[in-house]
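Colleague: Sharing a structure, written as structure tokens. Questions coming.
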Amino acid sequence: MSGIDVKDAVREKYSQAALRVRPAGSSCCGSTSAREPCNPITSNLYDTSQAGAVPEEAMLASLGCGNPTALAQLKSGETVLDLGSGGGIDVLLSARRVAPTGKAYGLDMTDEMLSLARDNQRKAGVKNVEFLKGEIENIPMPDNSVDVIISNCVINLSGDKDRVLSEAFRVLKPGGRFAVSDVVTRGEVPAVVRRDMLLWVGCIAGALRDSEYIEKLAKAGFECIDIEPTRIYDIEDARVFLTGKGIDVDAIAPQVEGKFMSAFVRAVKPKTTAK
Ligand SMILES: C[S@@+](CC[C@H](N)C(=O)[O-])C[C@H]1O[C@@H](n2cnc3c(N)ncnc32)[C@H](O)[C@@H]1O
């Protein structure tokens with residue numbers, strides 16, 4: 001799997017996902033049709049007060065694996081950037097938290113997702129938001145311009161995670177916070193899972209091991225790094241996301257049980273840097 005193949009497959013999958021979102025439908029991350037069972041990774045992430053604060057379409061388009069806006073500390077007046085903003089739910093929620101003087105940016109490479117997100121912004125009537133087209137490996141923002149980077153189940157989709165983390169570091173202001181939900185693995189994951197493109201675009205195969213994530217963040221220059229599990233997946237959860245991928249789930253059960261988790265990944269850009 002080359003980086004380009006992965007990116008094309010990811011773009012195709014999420015452009016289809018954006019087109020499927022309808023108020024009467026459903027859209028679960030990792031599912032290829034509305035009739036598939038809800039993926040345990042992406043269901044029930046937002047509480048009712050958050051759901052009530054955004055348009056229904058933004059909630060239906062939620063394809064994340066956590067709720068970074070609930071865990072990130074956001075203050076009025078701050079600038080927030082959401083890497084891979086999808087239908088815009090976390091951008092809209094963040095915009096309310098940093099209002100009236102702060103601003104929330106969403107960055108996404110998929111035209112259909114950007115169009116959905118901009119529609120959702122109009123429906124929400126939120127002004128302090130801007131959706132940008134671009135790739136998280138080449139963030140179209142100046143150095144030292146962002147207070148908080150959030151992201152929800154996107155960094156695991158990138159074929160070049162070092163580049164994403166160094167770009168995140170570059171655009172954060174000194175003292176800026178990295179506050180991201182992502183799928184992370186603990187220990188070795190079977191090669192048959194790592195090789196599967198459908199599992200990559202479904203946020204599984206590209207997930208970093210926790211120790212590797214910490215190493216990569218440190219290499220990018222971050223400090224105060226912490227990975228907090230928010231959901232740990234058992235074999236029945238794994239069955240939902242591995243079924244239909246030509247993988248004998250029972251045969252590899254002991255190798256996947258408890259190995260996948262959704263986690264909140266925190267780090268800080270030092271106030272003074274050698275870079
Ligand atoms: C799993 S969805 C998550 C969307 C959103 N964060 C949420 O919680 O609903 C992944 C999103 O990231 C975008 N994406 C994936 N890889 C990207 C990349 N390398 N650069 C920019 N956007 C990317 C996709 O287009 C898609 O909208």
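Convention: chains lettered A, B, ... in structure tokens order; per-chain residue numbering from 1; ligands numbered from 1 as shown.
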Please identify all polymer residues within 9 Å of Lys219 (chain A), counting only C-alpha atoms, omitting same-chain residues fewer than 2 positions from it, and present them as a count of residues only.
Modeller: 9
Colleague: For the strand (DSSP E) assignment from backbone DSSP, which residues of region 32-214 of chain A qualify? Please present them as a count of residues only.
Modeller: 39
Colleague: With only C-alpha atoms and all ligand atoms counted, collect every polymer residue having an atom within 6 Å of ligand 1; state the result as a list in words.
Modeller: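 What falls inside 6 Å of ligand 1 is Val10, Arg11, Tyr14, Ala61, Ser62, Leu63, Gly64, Gly84, Ser85, Gly86, Gly87, Asp108, Met109, Thr110, Met113, Gly134, Glu135, Ile136, Ser151, Asn152, Cys153, Val154, Leu157 and Ser158 of chain A.
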Colleague: Print the selection's residues with C-alpha atoms to a file, as an mmCIF file, in the first residue's frame.
Modeller:
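part27.cif, written as the output of this step:
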```cif
data_model
loop_
_atom_site.group_PDB
_atom_site.id
_atom_site.type_symbol
_atom_site.label_atom_id
_atom_site.label_comp_id
_atom_site.auth_asym_id
_atom_site.auth_seq_id
_atom_site.Cartn_x
_atom_site.Cartn_y
_atom_site.Cartn_z
ATOM 1 C CA VAL A 10 -9.512 7.360 1.962
ATOM 2 C CA ARG A 11 -10.774 10.255 -0.177
ATOM 3 C CA TYR A 14 -15.200 9.641 2.774
ATOM 4 C CA ALA A 61 -22.095 12.778 9.581
ATOM 5 C CA SER A 62 -20.043 12.120 12.705
ATOM 6 C CA LEU A 63 -17.410 9.536 11.831
ATOM 7 C CA GLY A 64 -15.025 10.030 14.718
ATOM 8 C CA GLY A 84 -9.858 16.096 8.999
ATOM 9 C CA SER A 85 -13.028 17.949 9.963
ATOM 10 C CA GLY A 86 -15.483 15.786 7.974
ATOM 11 C CA GLY A 87 -19.081 17.015 8.364
ATOM 12 C CA ASP A 108 -10.319 18.401 5.028
ATOM 13 C CA MET A 109 -9.137 17.097 1.647
ATOM 14 C CA THR A 110 -12.506 15.722 0.465
ATOM 15 C CA MET A 113 -17.113 16.593 3.134
ATOM 16 C CA GLY A 134 -6.091 20.735 2.117
ATOM 17 C CA GLU A 135 -4.159 17.816 3.494
ATOM 18 C CA ILE A 136 -3.148 17.298 7.081
ATOM 19 C CA SER A 151 -8.787 15.842 15.409
ATOM 20 C CA ASN A 152 -11.165 12.919 15.538
ATOM 21 C CA CYS A 153 -10.143 9.612 14.025
ATOM 22 C CA VAL A 154 -8.099 11.026 11.141
ATOM 23 C CA LEU A 157 -5.734 7.343 8.213
ATOM 24 C CA SER A 158 -2.514 9.068 7.158
#
```
Colleague: Quick check for you: according to DSSP on this backbone, which residues of region 52-273 of chain A are classed as alpha helix (DSSP H)? Reply as a VMD selection string.
Modeller: chain A and resid 52 56 to 60 68 to 71 89 to 98 111 to 124 161 to 171 191 to 194 197 to 201 210 to 220 235 to 242 249 to 256
Colleague: So that I can check the surroundings of Tyr213 (chain A), please list as number ranges by chain every protein, DNA and RNA residue that reaches within 12 Å of it, counting only C-alpha atoms and ignoring chain neighbours fewer than 3 positions away.
Modeller: A: 155-156, 161-162, 164-165, 180, 182-186, 206-210, 216-220, 222, 225-227, 263-267
Colleague: Generate the output file for the selected residues, N, CA and C atoms, as a tab-separated table (two decimals), in the first residue's frame.
Modeller:
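As written to disk, result.tsv reads:
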```
chain	number	residue	atom	x	y	z
A	155	ILE	N	-5.83	10.99	12.07
A	155	ILE	CA	-4.38	10.79	11.96
A	155	ILE	C	-4.08	9.32	11.67
A	156	ASN	N	-4.94	8.42	12.20
A	156	ASN	CA	-4.72	6.98	11.89
A	156	ASN	C	-4.88	6.67	10.40
A	161	LYS	N	2.52	9.75	9.15
A	161	LYS	CA	2.16	10.32	10.44
A	161	LYS	C	3.24	11.27	10.98
A	162	ASP	N	4.51	11.00	10.66
A	162	ASP	CA	5.57	11.91	11.11
A	162	ASP	C	5.36	13.30	10.53
A	164	VAL	N	2.48	14.59	9.52
A	164	VAL	CA	1.29	15.21	10.13
A	164	VAL	C	1.67	15.83	11.48
A	165	LEU	N	2.43	15.08	12.28
A	165	LEU	CA	2.77	15.58	13.62
A	165	LEU	C	3.72	16.77	13.54
A	180	VAL	N	-6.26	15.28	20.67
A	180	VAL	CA	-6.74	14.51	19.53
A	180	VAL	C	-7.34	13.17	19.97
A	182	ASP	N	-8.10	9.40	18.63
A	182	ASP	CA	-7.57	8.55	17.56
A	182	ASP	C	-7.71	7.09	17.97
A	183	VAL	N	-7.71	6.19	16.97
A	183	VAL	CA	-7.60	4.77	17.30
A	183	VAL	C	-6.12	4.45	17.48
A	184	VAL	N	-5.82	3.74	18.55
A	184	VAL	CA	-4.43	3.42	18.91
A	184	VAL	C	-4.41	1.94	19.26
A	185	THR	N	-3.28	1.27	19.01
A	185	THR	CA	-3.19	-0.14	19.39
A	185	THR	C	-2.24	-0.31	20.57
A	186	ARG	N	-2.47	-1.43	21.26
A	186	ARG	CA	-1.56	-1.79	22.37
A	186	ARG	C	-0.96	-3.13	22.01
A	206	GLY	N	-4.29	1.44	10.01
A	206	GLY	CA	-3.25	2.46	10.09
A	206	GLY	C	-3.02	2.99	11.49
A	207	ALA	N	-3.73	2.42	12.47
A	207	ALA	CA	-3.59	2.93	13.85
A	207	ALA	C	-2.18	2.70	14.37
A	208	LEU	N	-1.63	3.71	15.03
A	208	LEU	CA	-0.29	3.58	15.62
A	208	LEU	C	-0.36	2.83	16.93
A	209	ARG	N	0.71	2.11	17.23
A	209	ARG	CA	0.86	1.53	18.56
A	209	ARG	C	1.09	2.67	19.56
A	210	ASP	N	0.59	2.53	20.79
A	210	ASP	CA	0.67	3.64	21.76
A	210	ASP	C	2.12	4.13	21.95
A	216	LYS	N	6.77	9.30	18.26
A	216	LYS	CA	6.64	10.22	17.11
A	216	LYS	C	6.31	11.65	17.58
A	217	LEU	N	5.47	11.76	18.60
A	217	LEU	CA	5.16	13.10	19.12
A	217	LEU	C	6.42	13.75	19.70
A	218	ALA	N	7.20	12.95	20.42
A	218	ALA	CA	8.43	13.49	21.02
A	218	ALA	C	9.40	13.90	19.92
A	219	LYS	N	9.50	13.07	18.88
A	219	LYS	CA	10.40	13.38	17.76
A	219	LYS	C	9.99	14.69	17.08
A	220	ALA	N	8.67	14.93	17.01
A	220	ALA	CA	8.19	16.17	16.38
A	220	ALA	C	8.48	17.39	17.26
A	222	PHE	N	7.13	17.67	20.67
A	222	PHE	CA	6.13	17.87	21.73
A	222	PHE	C	6.64	17.40	23.09
A	225	ILE	N	3.40	14.56	26.93
A	225	ILE	CA	2.62	13.65	26.08
A	225	ILE	C	1.88	12.64	26.96
A	226	ASP	N	0.60	12.42	26.62
A	226	ASP	CA	-0.18	11.46	27.40
A	226	ASP	C	-1.21	10.80	26.49
A	227	ILE	N	-1.40	9.49	26.67
A	227	ILE	CA	-2.43	8.78	25.91
A	227	ILE	C	-3.42	8.16	26.89
A	263	ALA	N	-8.54	6.50	21.92
A	263	ALA	CA	-7.78	7.16	22.98
A	263	ALA	C	-7.78	8.66	22.75
A	264	PHE	N	-7.58	9.38	23.85
A	264	PHE	CA	-7.40	10.83	23.77
A	264	PHE	C	-5.90	11.09	23.90
A	265	VAL	N	-5.33	11.68	22.88
A	265	VAL	CA	-3.88	11.89	22.84
A	265	VAL	C	-3.60	13.37	23.08
A	266	ARG	N	-2.85	13.64	24.15
A	266	ARG	CA	-2.55	15.04	24.50
A	266	ARG	C	-1.06	15.30	24.40
A	267	ALA	N	-0.70	16.50	24.00
A	267	ALA	CA	0.71	16.91	24.02
A	267	ALA	C	0.75	18.44	23.95
```
Colleague: One decimal, Å: what's the distance from CA of Leu132 (chain A) over to CA of Met261 (chain A), could you say?
Modeller: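 One can read the CA of Leu132 (chain A) to CA of Met261 (chain A) distance as 29.3 Å.
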Colleague: With a distance cut-off of 12 Å and only C-alpha atoms, select the neighbouring residues of region 67-72 of chain A, excluding the residue or stretch itself and same-chain residues fewer than 3 positions from it, and output the selection as a ChimeraX atom specification.
Modeller: /A:41-47,49-51,59,62-64,75,80-83,85,89-98,104,147-153,176-182,228-231,262-268
Colleague: Env of Ala191 (chain A): 10 Å cut, atoms = only C-alpha atoms, seq-sep filter 4 positions within chain, self excluded. Answer as JSON, numbers by chain.
Modeller: {"A": [195, 196, 205]}
Colleague: Can you pull out every residue within 12 Å of region 243-253 of chain A, counting only C-alpha atoms, but drop anything in the same chain fewer than 5 positions away, and send it as an MDAnalysis selection string?
Modeller: chainID A and resid 30:32 36:37 39 189:200 202 205 233:238 258:260
Colleague: Please write the residues from the selection above to a file, keeping N, CA and C atoms, as a compact mmCIF listing (two decimals), in the first residue's frame.
Modeller:
```txt
# COMPACT_ATOMS: atom_id res chain seq x y z
N GLY A 30 -16.82 3.34 9.21
CA GLY A 30 -16.43 1.97 8.94
C GLY A 30 -17.51 1.19 8.22
N SER A 31 -18.77 1.61 8.32
CA SER A 31 -19.83 0.91 7.61
C SER A 31 -19.81 1.32 6.16
N THR A 32 -20.15 0.41 5.25
CA THR A 32 -20.20 0.78 3.86
C THR A 32 -21.64 1.00 3.41
N GLU A 36 -25.67 -1.65 7.58
CA GLU A 36 -24.71 -2.39 8.41
C GLU A 36 -24.86 -2.01 9.87
N PRO A 37 -24.48 -2.93 10.79
CA PRO A 37 -24.59 -2.56 12.20
C PRO A 37 -23.69 -1.38 12.51
N ASN A 39 -20.91 0.81 13.87
CA ASN A 39 -19.57 0.48 14.29
C ASN A 39 -19.39 0.87 15.76
N VAL A 189 -0.22 -6.17 16.47
CA VAL A 189 -1.49 -6.48 15.80
C VAL A 189 -1.17 -7.41 14.63
N PRO A 190 -2.01 -8.45 14.35
CA PRO A 190 -1.69 -9.40 13.29
C PRO A 190 -1.47 -8.72 11.93
N ALA A 191 -0.49 -9.23 11.17
CA ALA A 191 -0.14 -8.64 9.87
C ALA A 191 -1.35 -8.65 8.93
N VAL A 192 -2.21 -9.66 9.05
CA VAL A 192 -3.37 -9.75 8.16
C VAL A 192 -4.30 -8.54 8.35
N VAL A 193 -4.33 -8.01 9.55
CA VAL A 193 -5.15 -6.82 9.82
C VAL A 193 -4.44 -5.58 9.25
N ARG A 194 -3.15 -5.48 9.48
CA ARG A 194 -2.37 -4.31 9.01
C ARG A 194 -2.40 -4.17 7.49
N ARG A 195 -2.50 -5.32 6.78
CA ARG A 195 -2.40 -5.28 5.31
C ARG A 195 -3.70 -4.88 4.61
N ASP A 196 -4.82 -4.87 5.32
CA ASP A 196 -6.11 -4.75 4.66
C ASP A 196 -6.48 -3.28 4.40
N MET A 197 -6.66 -2.93 3.12
CA MET A 197 -6.95 -1.54 2.76
C MET A 197 -8.29 -1.09 3.34
N LEU A 198 -9.31 -2.00 3.32
CA LEU A 198 -10.61 -1.60 3.88
C LEU A 198 -10.49 -1.28 5.37
N LEU A 199 -9.63 -2.03 6.04
CA LEU A 199 -9.42 -1.76 7.46
C LEU A 199 -8.62 -0.48 7.66
N TRP A 200 -7.78 -0.15 6.68
CA TRP A 200 -7.05 1.12 6.78
C TRP A 200 -8.05 2.27 6.67
N GLY A 202 -11.08 2.30 7.21
CA GLY A 202 -12.02 2.25 8.33
C GLY A 202 -11.37 2.57 9.66
N ALA A 205 -6.40 -0.33 10.38
CA ALA A 205 -5.09 -0.87 10.01
C ALA A 205 -3.97 0.16 10.16
N TYR A 233 -11.62 -2.05 22.87
CA TYR A 233 -12.51 -2.92 22.09
C TYR A 233 -12.25 -4.39 22.39
N ASP A 234 -13.35 -5.11 22.68
CA ASP A 234 -13.22 -6.55 22.95
C ASP A 234 -13.47 -7.31 21.65
N ILE A 235 -13.50 -8.62 21.76
CA ILE A 235 -13.57 -9.43 20.54
C ILE A 235 -14.90 -9.23 19.81
N GLU A 236 -15.99 -8.98 20.54
CA GLU A 236 -17.28 -8.77 19.87
C GLU A 236 -17.26 -7.45 19.10
N ASP A 237 -16.61 -6.43 19.64
CA ASP A 237 -16.45 -5.18 18.90
C ASP A 237 -15.59 -5.44 17.65
N ALA A 238 -14.49 -6.18 17.87
CA ALA A 238 -13.58 -6.47 16.74
C ALA A 238 -14.32 -7.22 15.65
N GLY A 258 -8.79 -6.67 23.03
CA GLY A 258 -8.20 -5.64 23.89
C GLY A 258 -7.02 -4.90 23.29
N LYS A 259 -6.69 -5.18 22.02
CA LYS A 259 -5.51 -4.54 21.41
C LYS A 259 -5.84 -3.18 20.79
N PHE A 260 -7.12 -3.00 20.42
CA PHE A 260 -7.51 -1.72 19.80
C PHE A 260 -8.23 -0.86 20.81
```
Colleague: Please indicate the distance in Å from CA of Pro270 (chain A) to CA of Lys173 (chain A), rounded to one decimal place.
Modeller: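 Atom-to-atom, CA of Pro270 (chain A) and CA of Lys173 (chain A) are spaced 9.0 Å apart.
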Colleague: Between CA of Cys224 (chain A) and CA of Glu137 (chain A), measure the distance and give it in Å to one decimal.
Modeller: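 The value is 22.7 Å.
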Colleague: Residues at most 6 Å from Val146 (chain A), counting only C-alpha atoms, excluding those fewer than 5 positions away in the same chain, as a PyMOL selection string?
Modeller: chain A and resi 79+171-173
Colleague: Nearest to Glu57 (chain A): which of A:Arg118, A:Arg170, A:Arg163, A:Lys269 is it, counting only C-alpha atoms?
Modeller: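 Looking only at the distances to Glu57 (chain A), the closest residue turns out to be A:Arg118.
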